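Shown below: coords-v5.txt, with compact mmCIF, C-alpha atoms.
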```txt
# COMPACT_ATOMS: atom_id res chain seq x y z
CA MET A 1 14.71 92.64 59.85
CA GLU A 2 12.30 93.89 62.49
CA LEU A 3 11.79 97.55 63.28
CA PRO A 4 12.59 98.38 66.91
CA ALA A 5 9.61 98.96 69.17
CA PRO A 6 9.02 102.64 69.96
CA ARG A 7 10.06 104.28 73.18
CA ALA A 8 7.43 104.10 75.89
CA TYR A 9 7.36 105.83 79.25
CA VAL A 10 4.86 104.57 81.80
CA ASP A 11 4.07 107.47 84.15
CA VAL A 12 2.47 106.56 87.49
CA HIS A 13 0.59 109.30 89.37
CA ILE A 14 -0.62 108.55 92.91
CA LEU A 15 -2.53 110.50 95.54
CA GLN A 16 -2.35 108.96 99.00
CA THR A 17 -3.52 110.30 102.34
CA ILE A 18 -1.31 109.40 105.28
CA PRO A 19 -2.52 109.87 108.90
CA PRO A 20 -0.17 111.17 111.62
CA ALA A 21 3.14 109.45 110.84
CA ASN A 22 6.90 109.77 110.55
CA LEU A 23 7.55 107.79 107.37
CA ASN A 24 11.02 109.08 106.56
CA ARG A 25 13.22 110.77 109.17
CA ASP A 26 15.77 113.55 108.69
CA ASP A 27 19.00 113.88 110.67
CA GLN A 28 17.04 115.26 113.63
CA GLY A 29 14.63 112.33 113.68
CA ASN A 30 11.71 114.43 112.37
CA PRO A 31 9.71 113.82 109.17
CA LYS A 32 11.51 115.10 106.08
CA GLU A 33 10.16 118.33 104.61
CA ALA A 34 10.64 120.62 101.63
CA PHE A 35 9.59 124.12 100.63
CA PHE A 36 7.54 124.11 97.44
CA GLY A 37 5.26 126.87 96.21
CA GLY A 38 6.49 129.05 99.07
CA VAL A 39 5.19 126.81 101.86
CA ARG A 40 6.50 123.92 103.93
CA ARG A 41 5.49 120.49 102.61
CA SER A 42 5.74 116.98 103.95
CA ARG A 43 8.30 115.01 101.93
CA VAL A 44 9.23 111.35 101.59
CA SER A 45 12.48 110.77 99.74
CA SER A 46 12.58 108.76 96.55
CA GLN A 47 15.14 106.44 98.14
CA ALA A 48 12.73 105.61 100.99
CA TRP A 49 9.88 104.72 98.64
CA LYS A 50 12.12 102.80 96.25
CA ARG A 51 13.30 100.66 99.15
CA ALA A 52 9.72 100.10 100.29
CA THR A 53 8.86 99.06 96.73
CA ARG A 54 11.79 96.62 96.58
CA LEU A 55 10.81 95.10 99.92
CA HIS A 56 7.27 94.62 98.57
CA PHE A 57 8.81 92.72 95.64
CA THR A 58 10.66 90.50 98.11
CA ASP A 59 7.56 89.75 100.13
CA HIS A 60 5.40 88.89 97.12
CA ARG A 61 7.70 87.18 94.64
CA GLU A 62 8.86 83.57 94.44
CA PRO A 63 11.17 81.78 94.08
CA ASP A 64 14.06 83.21 96.08
CA GLN A 65 16.42 83.00 93.09
CA ASP A 66 14.41 85.70 91.30
CA GLN A 67 15.18 88.20 94.06
CA ALA A 68 18.11 90.54 94.63
CA THR A 69 20.21 91.84 97.50
CA ARG A 70 22.15 95.09 97.92
CA THR A 71 25.01 94.75 100.40
CA ARG A 72 28.67 95.36 101.18
CA ARG A 73 28.94 91.72 102.27
CA VAL A 74 28.75 90.09 98.84
CA ALA A 75 31.92 88.06 99.55
CA ALA A 76 30.34 86.52 102.66
CA ALA A 77 27.15 85.71 100.73
CA LEU A 78 29.19 84.08 97.95
CA ALA A 79 31.24 82.11 100.49
CA GLY A 80 28.04 80.76 102.01
CA ARG A 81 26.86 79.51 98.62
CA ILE A 82 30.24 77.92 97.87
CA GLY A 83 30.29 76.19 101.23
CA ASP A 84 26.73 74.89 100.79
CA THR A 85 27.40 73.40 97.35
CA THR A 86 30.97 72.10 97.74
CA GLY A 87 31.30 71.08 101.36
CA LEU A 88 34.38 73.29 101.90
CA ASP A 89 34.96 74.60 105.40
CA ASP A 90 34.35 78.30 106.13
CA GLU A 91 37.98 79.28 105.60
CA GLY A 92 38.27 77.55 102.24
CA ALA A 93 34.92 78.88 101.00
CA ALA A 94 35.85 82.42 102.03
CA ARG A 95 39.19 82.17 100.20
CA LEU A 96 37.52 81.02 96.99
CA ALA A 97 34.85 83.74 97.26
CA THR A 98 37.49 86.44 97.68
CA ALA A 99 39.43 85.05 94.72
CA LEU A 100 36.31 84.95 92.53
CA LEU A 101 35.50 88.59 93.20
CA ALA A 102 39.09 89.79 92.84
CA PRO A 103 39.03 90.01 88.99
CA LEU A 104 36.14 92.49 89.27
CA LYS A 105 38.54 94.87 91.07
CA ILE A 106 35.85 96.23 93.36
CA ARG A 107 37.52 98.37 96.01
CA ALA A 108 37.66 96.80 99.46
CA GLY A 109 35.83 98.39 102.37
CA LYS A 110 37.16 99.34 105.79
CA LYS A 111 36.01 96.06 107.32
CA GLU A 112 37.68 92.86 106.15
CA GLY A 113 35.55 91.11 103.55
CA ASP A 114 33.38 94.16 102.82
CA THR A 115 33.29 96.09 99.55
CA ALA A 116 33.75 99.86 99.63
CA TYR A 117 30.13 100.37 98.58
CA LEU A 118 26.87 98.48 98.33
CA PHE A 119 26.81 95.95 95.50
CA PHE A 120 23.43 95.05 93.98
CA TYR A 121 23.26 91.48 92.67
CA GLY A 122 20.67 88.87 91.79
CA HIS A 123 20.50 85.63 93.75
CA ARG A 124 20.65 83.63 90.51
CA GLN A 125 23.76 85.58 89.50
CA LEU A 126 25.55 84.74 92.74
CA ASP A 127 24.53 81.09 92.39
CA ALA A 128 25.99 81.10 88.86
CA VAL A 129 29.29 82.55 90.10
CA ALA A 130 29.50 79.91 92.83
CA ALA A 131 28.81 77.24 90.20
CA LEU A 132 31.95 78.29 88.30
CA VAL A 133 34.12 76.62 90.96
CA ARG A 134 31.75 73.93 92.23
CA ASP A 135 33.36 70.99 90.45
CA ARG A 136 36.97 72.09 91.13
CA ALA A 137 36.61 73.60 94.59
CA ALA A 138 38.94 71.18 96.41
CA GLU A 139 41.60 71.52 93.68
CA LEU A 140 41.40 75.32 93.54
CA VAL A 141 41.53 75.90 97.28
CA GLY A 142 44.78 73.94 97.40
CA LEU A 143 46.54 76.29 94.94
CA GLY A 144 48.88 79.08 95.96
CA ASP A 145 47.68 82.68 95.77
CA LYS A 146 49.23 83.45 92.37
CA ALA A 147 48.06 80.22 90.77
CA LEU A 148 44.56 80.68 92.20
CA ALA A 149 44.37 84.25 90.91
CA ALA A 150 45.45 83.07 87.45
CA GLU A 151 42.69 80.46 87.39
CA MET A 152 40.09 83.04 88.43
CA GLU A 153 41.09 85.33 85.56
CA LYS A 154 40.04 82.59 83.13
CA LEU A 155 36.46 82.45 84.44
CA PRO A 156 33.57 84.53 82.98
CA ILE A 157 32.79 86.20 86.31
CA GLN A 158 32.03 89.63 84.89
CA GLU A 159 29.81 88.12 82.21
CA VAL A 160 27.66 86.44 84.87
CA PHE A 161 26.99 89.76 86.60
CA THR A 162 26.11 91.50 83.32
CA SER A 163 23.30 89.14 82.28
CA GLY A 164 20.24 87.53 83.79
CA HIS A 165 19.36 90.53 85.94
CA PRO A 166 16.50 90.16 88.44
CA LEU A 167 13.67 92.67 88.21
CA ASP A 168 14.99 94.76 91.12
CA VAL A 169 18.32 95.43 89.40
CA ALA A 170 16.69 95.91 85.98
CA LEU A 171 14.28 98.50 87.37
CA PHE A 172 16.46 100.46 89.78
CA GLY A 173 19.84 100.00 88.14
CA ARG A 174 23.30 99.37 89.54
CA MET A 175 26.17 101.82 89.86
CA VAL A 176 29.69 100.38 90.14
CA ALA A 177 32.16 103.25 89.96
CA ASP A 178 35.22 101.02 89.52
CA ILE A 179 33.82 98.93 86.66
CA PRO A 180 31.62 100.68 84.07
CA ALA A 181 30.87 97.30 82.47
CA LEU A 182 28.92 96.24 85.56
CA ARG A 183 26.76 99.35 85.49
CA VAL A 184 23.06 98.84 84.80
CA ASP A 185 21.10 101.91 83.74
CA ALA A 186 17.93 102.25 85.80
CA ALA A 187 14.61 101.88 83.97
CA VAL A 188 12.74 103.75 86.72
CA GLN A 189 12.73 107.35 87.89
CA VAL A 190 11.04 108.04 91.25
CA ALA A 191 10.24 111.53 92.52
CA HIS A 192 10.25 112.64 96.13
CA ALA A 193 6.67 112.45 97.39
CA LEU A 194 5.30 115.87 98.38
CA SER A 195 2.19 116.91 100.24
CA THR A 196 -0.30 118.74 98.06
CA HIS A 197 -0.81 121.29 100.85
CA ALA A 198 1.14 123.09 103.56
CA VAL A 199 1.99 121.12 106.71
CA GLU A 200 3.22 121.92 110.20
CA LEU A 201 5.56 119.72 112.20
CA GLU A 202 3.94 118.37 115.35
CA PHE A 203 5.32 116.43 118.31
CA ASP A 204 3.90 113.50 120.23
CA TYR A 205 4.94 113.64 123.90
CA PHE A 206 4.75 110.13 125.27
CA THR A 207 5.53 108.24 128.45
CA ALA A 208 6.08 104.57 129.19
CA VAL A 209 4.99 103.07 132.49
CA ASP A 210 7.26 100.73 134.45
CA ASP A 211 5.11 97.66 135.08
CA GLU A 212 7.21 96.73 138.10
CA ALA A 213 6.88 100.12 139.83
CA ARG A 214 5.57 99.67 143.36
CA LYS A 215 2.09 101.07 143.71
CA GLY A 216 1.85 103.97 146.11
CA GLN A 217 5.60 104.14 146.57
CA GLU A 218 6.91 105.22 143.16
CA THR A 219 5.51 107.92 140.90
CA GLY A 220 6.30 109.12 137.41
CA ALA A 221 6.95 107.35 134.15
CA GLY A 222 9.56 104.77 133.35
CA MET A 223 10.63 106.88 130.37
CA ILE A 224 9.60 110.08 128.59
CA GLY A 225 10.11 110.94 124.95
CA THR A 226 8.88 112.84 121.91
CA ILE A 227 8.36 111.85 118.27
CA GLY A 228 7.95 114.36 115.46
CA PHE A 229 5.10 113.67 113.03
CA ASN A 230 2.80 115.20 110.46
CA SER A 231 -0.13 114.07 108.34
CA ALA A 232 -0.57 114.73 104.65
CA THR A 233 -2.13 113.94 101.32
CA LEU A 234 0.92 113.07 99.19
CA TYR A 235 1.43 113.32 95.46
CA ARG A 236 3.68 110.46 94.37
CA TYR A 237 5.17 110.08 90.90
CA ALA A 238 7.36 107.56 89.09
CA SER A 239 8.13 106.75 85.48
CA VAL A 240 9.25 103.44 83.91
CA GLY A 241 11.09 103.44 80.59
CA LEU A 242 9.81 100.26 78.94
CA HIS A 243 12.54 100.39 76.30
CA GLN A 244 15.27 100.48 78.98
CA LEU A 245 13.61 97.70 80.96
CA ARG A 246 13.44 95.54 77.82
CA HIS A 247 17.17 96.12 77.37
CA ASN A 248 17.92 95.12 80.98
CA LEU A 249 15.78 91.97 80.99
CA ASP A 250 15.80 88.88 78.82
CA THR A 251 12.38 89.00 77.16
CA ASP A 252 9.55 91.38 76.27
CA GLU A 253 7.23 89.30 78.44
CA ASP A 254 9.53 89.79 81.45
CA ALA A 255 9.62 93.54 80.80
CA ILE A 256 5.83 93.87 80.62
CA LYS A 257 5.36 91.79 83.76
CA GLY A 258 8.07 93.90 85.35
CA VAL A 259 6.16 97.11 84.68
CA GLN A 260 3.01 95.59 86.16
CA SER A 261 4.95 94.39 89.21
CA PHE A 262 6.47 97.83 89.70
CA VAL A 263 3.11 99.61 89.47
CA THR A 264 1.65 97.12 91.95
CA SER A 265 4.46 97.40 94.48
CA PHE A 266 4.85 101.16 94.10
CA ALA A 267 1.13 101.66 94.73
CA ARG A 268 0.84 99.20 97.62
CA SER A 269 4.09 99.89 99.47
CA VAL A 270 4.60 102.39 102.30
CA PRO A 271 7.88 103.20 104.11
CA SER A 272 7.86 101.57 107.52
CA GLY A 273 9.34 104.35 109.68
CA TYR A 274 7.76 104.30 113.17
CA GLY A 275 5.14 101.91 111.81
CA ASN A 276 4.41 100.36 115.21
CA SER A 277 3.86 103.80 116.74
CA PHE A 278 1.53 105.19 114.07
CA ALA A 279 0.06 102.25 112.11
CA HIS A 280 0.05 104.54 109.07
CA ARG A 281 -0.48 102.05 106.23
CA THR A 282 -3.16 103.26 103.81
CA LEU A 283 -4.08 102.61 100.18
CA PRO A 284 -3.98 105.36 97.56
CA SER A 285 -7.15 107.27 96.82
CA LEU A 286 -6.07 107.62 93.18
CA VAL A 287 -3.69 105.75 90.87
CA ALA A 288 -3.38 106.91 87.27
CA VAL A 289 -1.09 105.44 84.61
CA VAL A 290 -0.21 107.35 81.45
CA VAL A 291 1.84 105.77 78.64
CA ARG A 292 3.73 108.32 76.57
CA SER A 293 6.15 108.05 73.68
CA ASP A 294 7.75 111.50 74.00
CA GLN A 295 9.00 111.99 77.57
CA PRO A 296 8.06 111.42 81.22
CA VAL A 297 5.86 114.20 82.65
CA ASN A 298 5.69 114.88 86.38
CA LEU A 299 2.44 116.73 87.23
CA VAL A 300 3.60 118.19 90.56
CA SER A 301 3.00 121.67 89.13
CA ALA A 302 -0.69 120.99 89.87
CA PHE A 303 0.16 121.69 93.51
CA GLU A 304 2.56 124.64 93.17
CA GLU A 305 -0.32 126.60 94.68
CA PRO A 306 -1.01 124.54 97.81
CA ILE A 307 -4.44 123.05 98.37
CA ALA A 308 -6.22 125.20 100.96
CA PRO A 309 -7.31 123.67 104.30
CA GLY A 310 -10.92 122.57 104.34
CA SER A 311 -13.08 119.61 103.60
CA GLY A 312 -11.85 117.09 101.06
CA ILE A 313 -8.13 117.80 100.56
CA ALA A 314 -7.77 114.48 98.74
CA ALA A 315 -10.73 115.23 96.45
CA GLU A 316 -9.47 118.73 95.66
CA SER A 317 -6.01 117.29 95.01
CA ALA A 318 -7.55 114.82 92.54
CA ARG A 319 -9.36 117.63 90.73
CA GLN A 320 -6.21 119.74 90.48
CA LEU A 321 -4.16 116.78 89.25
CA ALA A 322 -6.74 115.98 86.55
CA LYS A 323 -6.96 119.62 85.47
CA GLU A 324 -3.17 119.89 85.24
CA HIS A 325 -3.04 116.79 83.04
CA THR A 326 -5.79 118.12 80.77
CA LYS A 327 -4.15 121.55 80.58
CA ALA A 328 -0.76 120.08 79.69
CA LEU A 329 -2.30 118.09 76.83
CA LYS A 330 -3.99 121.19 75.43
CA GLN A 331 -0.85 123.31 75.74
CA TRP A 332 1.63 120.85 74.27
CA GLY A 333 -0.62 118.77 72.03
CA ASP A 334 1.15 115.50 72.85
CA ALA A 335 -1.71 113.15 73.61
CA PRO A 336 -0.63 109.99 75.49
CA ASP A 337 -0.92 106.56 73.91
CA HIS A 338 -2.82 105.09 76.86
CA THR A 339 -4.38 106.29 80.11
CA ALA A 340 -6.16 104.50 82.93
CA VAL A 341 -7.25 105.46 86.42
CA CYS A 342 -8.38 103.74 89.60
CA HIS A 343 -9.82 106.00 92.31
CA ALA A 344 -12.04 106.00 95.37
CA PHE A 345 -14.17 109.07 94.56
CA ASP A 346 -17.86 109.04 93.66
CA GLU A 347 -18.09 108.79 89.90
CA SER A 348 -21.17 111.05 89.88
CA SER A 349 -19.44 113.81 91.88
CA ASP A 350 -17.63 116.83 90.49
CA THR A 351 -14.35 115.11 91.35
CA GLY A 352 -15.35 111.97 89.46
CA SER A 353 -16.36 114.03 86.43
CA VAL A 354 -13.10 116.00 86.27
CA VAL A 355 -10.97 112.88 86.74
CA ARG A 356 -12.96 111.01 84.07
CA GLU A 357 -12.45 113.84 81.58
CA ALA A 358 -8.70 113.68 82.12
CA PHE A 359 -7.97 109.97 82.53
CA GLY A 360 -11.10 108.11 81.41
CA ASP A 361 -13.58 105.95 83.28
CA ALA A 362 -12.47 104.59 86.63
CA VAL A 363 -11.53 100.90 86.70
CA THR A 364 -10.49 98.52 89.43
CA PHE A 365 -6.78 98.26 90.16
CA PRO A 366 -6.54 94.70 88.73
CA ARG A 367 -8.23 95.92 85.54
CA LEU A 368 -5.85 98.88 85.37
CA LEU A 369 -2.90 96.46 85.44
CA THR A 370 -4.48 94.16 82.86
CA GLY A 371 -5.23 97.01 80.47
CA LEU A 372 -1.70 98.38 80.89
CA GLY A 373 -0.23 94.96 80.11
CA GLU A 374 -2.40 94.60 77.01
CA HIS A 375 -1.34 98.00 75.71
CA LEU A 376 2.36 97.37 76.31
CA THR A 377 2.08 93.98 74.61
CA SER A 378 0.69 95.70 71.52
CA LEU A 379 3.67 98.07 71.53
CA VAL A 380 6.30 95.35 71.56
CA ALA A 381 4.54 93.02 69.10
CA PRO A 382 6.70 92.23 66.04
CA SER A 383 6.75 95.17 63.68
CA VAL A 384 6.18 95.12 59.95
CA PRO A 385 9.44 94.00 58.24
CA ALA A 386 11.46 96.94 57.10
CA ALA A 387 11.72 97.56 53.38
CA ARG A 388 15.04 96.54 51.84
```

As structure tokens, please, write out the structure in this file.
Amino acid sequence: MELPAPRAYVDVHILQTIPPANLNRDDQGNPKEAFFGGVRRSRVSSQAWKRATRLHFTDHREPDQDQATRTRRVAAALAGRIGDTTGLDDEGAARLATALLAPLKIRAGKKEGDTAYLFFYGHRQLDAVAALVRDRAAELVGLGDKALAAEMEKLPIQEVFTSGHPLDVALFGRMVADIPALRVDAAVQVAHALSTHAVELEFDYFTAVDDEARKGQETGAGMIGTIGFNSATLYRYASVGLHQLRHNLDTDEDAIKGVQSFVTSFARSVPSGYGNSFAHRTLPSLVAVVVRSDQPVNLVSAFEEPIAPGSGIAAESARQLAKEHTKALKQWGDAPDHTAVCHAFDESSDTGSVVREAFGDAVTFPRLLTGLGEHLTSLVAPSVPAAR
């Protein structure tokens, strides 16, 4: 009998400076904001950065079967797979797809063929469901509605969707209100990104020229508009529960690689709102990972008192983040199991010294990932057999 591996929370702390941009719009089309510490802050919702992270997974992971999709149109996607593998026409494939999903009892949406809510599934899972009818497709499509429904009830459709989860589903979870058995508890918590300082909403007044306007005969712009924007140094935070990720995935190796993939994509991704207008993609100035066994710890309290305007907002933010981490350790006495940091500040500067005291010597981002993987591997290594 092996002892279970201990709980492990991988906290990810990021400081990232964004130039004028509108990453995440509110209902008025302006950058989202929040009041924190008595002042207005720039805010990017957790949903926006989680989606950017998932899209980074999609762009950098192969093969396609290891990816996932979240959509209301799962029946159409399943019908496409059935048609591709069985040769059935569109009508027959759609009928089988609808019949296959019927035992799940997912509420139908307003549009025919849609589910009432987004359903998050892995491509391998949908392929496996389609494979359940591949060899009998022609026979099944010829059955009446009642007979077809009875045959579908015999198939392990729900079991397919509750195993073999892709990383996206294992990390971010799946909520299916109608069927608790299909629910997947998320292994990741992502905070709303907040600026470390006060911000003011600004507007870009722009015009577009009509290239076909006749010179000397027509004046003015072809169109006039405004875009709200701000610029900010953001504090971003997320936490991965390794124990939950191990539960959601098949192997410890997959879970450890999953943590590394999440840290990579979370650090390198940026929401794409108005990307062509602002070209706002930057890399973080600081990424710190902290592995804890007690609980996740968000260090946003470092910025409850906003960083004052002046030179080096990013550097001052790094100092305050490091001091908050050090102070929390002294107050609570719960030293982390592992820390690592990658940053762009001069190691010999005051900022470098304060950050080093809190998180250790700076390493490259690839080395940060390697060291994190090595530590997590040591946590999930087989334990000493329990005494009988």

Residues of segment 23-135 of chain A within 9 Å of segment 166-173 of chain A: nearest atom pair and distance (Å, one decimal) for each, counting all atoms listed in the file, sorted by chain and number, as a Markdown table?
```
| residue | atom | partner | partner_atom | distance |
| --- | --- | --- | --- | --- |
| A:Lys50 | CA | A:Phe172 | CA | 8.1 |
| A:Arg54 | CA | A:Asp168 | CA | 6.6 |
| A:Phe57 | CA | A:Asp168 | CA | 7.9 |
| A:Gln65 | CA | A:Pro166 | CA | 8.5 |
| A:Asp66 | CA | A:Pro166 | CA | 5.7 |
| A:Gln67 | CA | A:Pro166 | CA | 6.1 |
| A:Ala68 | CA | A:Asp168 | CA | 6.3 |
| A:Thr69 | CA | A:Asp168 | CA | 8.7 |
| A:Phe120 | CA | A:Val169 | CA | 6.9 |
| A:Tyr121 | CA | A:Val169 | CA | 7.1 |
| A:Gly122 | CA | A:Pro166 | CA | 5.5 |
| A:His123 | CA | A:Pro166 | CA | 8.0 |
| A:Arg124 | CA | A:Pro166 | CA | 8.0 |
| A:Gln125 | CA | A:Pro166 | CA | 8.6 |
```

Gap from atom CA of Asp294 of chain A to atom CA of His338 of chain A - Å, one decimal |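 One can read the atom CA of Asp294 of chain A to atom CA of His338 of chain A distance as 12.7 Å.
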
Between A:Ile307, A:Ala186, A:Ala193, A:Ile18, single out the one closest to Thr282 of chain A, counting only C-alpha atoms.
->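 So, comparing all the options, the nearest one is A:Ile18.
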
Considering only C-alpha atoms, return as a VMD selection string whatever protein or nucleic-acid residues lie within 10 Å of segment 247-259 of chain A, sequence-local ones (same chain, fewer than 4 positions apart) excluded.
-> chain A and resid 10 162 to 171 173 184 to 188 239 to 243 263 to 265 369 372 to 377 380 to 381

Could you tell me how far atom CA of Gly360 of chain A lies from atom CA of Ala288 of chain A, in Å and to one decimal?
-> 9.8 Å

Tell me, as a ChimeraX atom specification, which residues lie within 9 Å of Ala94 of chain A, counting only C-alpha atoms; anything in the same chain fewer than 6 positions away does not count.
-> /A:75-76,78-80,82-83,113

What does the distance from atom CA of Phe278 of chain A to atom CA of Arg319 of chain A come to in Å, to one decimal?
->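 Going from atom CA of Phe278 of chain A over to atom CA of Arg319 of chain A, I get 28.6 Å.
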
Residue nearest Glu316 of chain A - candidates A:His197, A:Arg43, A:Arg292, A:Arg281, atoms counted: only C-alpha atoms = A:His197

For Ala362 of chain A: contacts at 10 Å, all atoms listed in the file, fewer than 6 positions along chain excluded, given as an NGL selection string = :A and (286-288 or 340-347 or 352 or 355-356 or 368)

Name the residues, using the chain letters and numbers of the file, that sit within 10 Å of (38.0, 84.4, 96.3) when counting all atoms listed in the file, and give them as JSON, numbers by chain.
-> {"A": [75, 78, 79, 92, 93, 94, 95, 96, 97, 98, 99, 100, 101, 102, 103, 141, 145, 148, 149, 152]}

Residue selection dump (C-alpha atoms) as a CSV table (one decimal), in the coordinates of the input:
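New file out.csv:
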```csv
chain,number,residue,atom,x,y,z
A,75,ALA,CA,31.9,88.1,99.6
A,78,LEU,CA,29.2,84.1,98.0
A,79,ALA,CA,31.2,82.1,100.5
A,92,GLY,CA,38.3,77.6,102.2
A,93,ALA,CA,34.9,78.9,101.0
A,94,ALA,CA,35.8,82.4,102.0
A,95,ARG,CA,39.2,82.2,100.2
A,96,LEU,CA,37.5,81.0,97.0
A,97,ALA,CA,34.8,83.7,97.3
A,98,THR,CA,37.5,86.4,97.7
A,99,ALA,CA,39.4,85.0,94.7
A,100,LEU,CA,36.3,85.0,92.5
A,101,LEU,CA,35.5,88.6,93.2
A,102,ALA,CA,39.1,89.8,92.8
A,103,PRO,CA,39.0,90.0,89.0
A,141,VAL,CA,41.5,75.9,97.3
A,145,ASP,CA,47.7,82.7,95.8
A,148,LEU,CA,44.6,80.7,92.2
A,149,ALA,CA,44.4,84.2,90.9
A,152,MET,CA,40.1,83.0,88.4
```
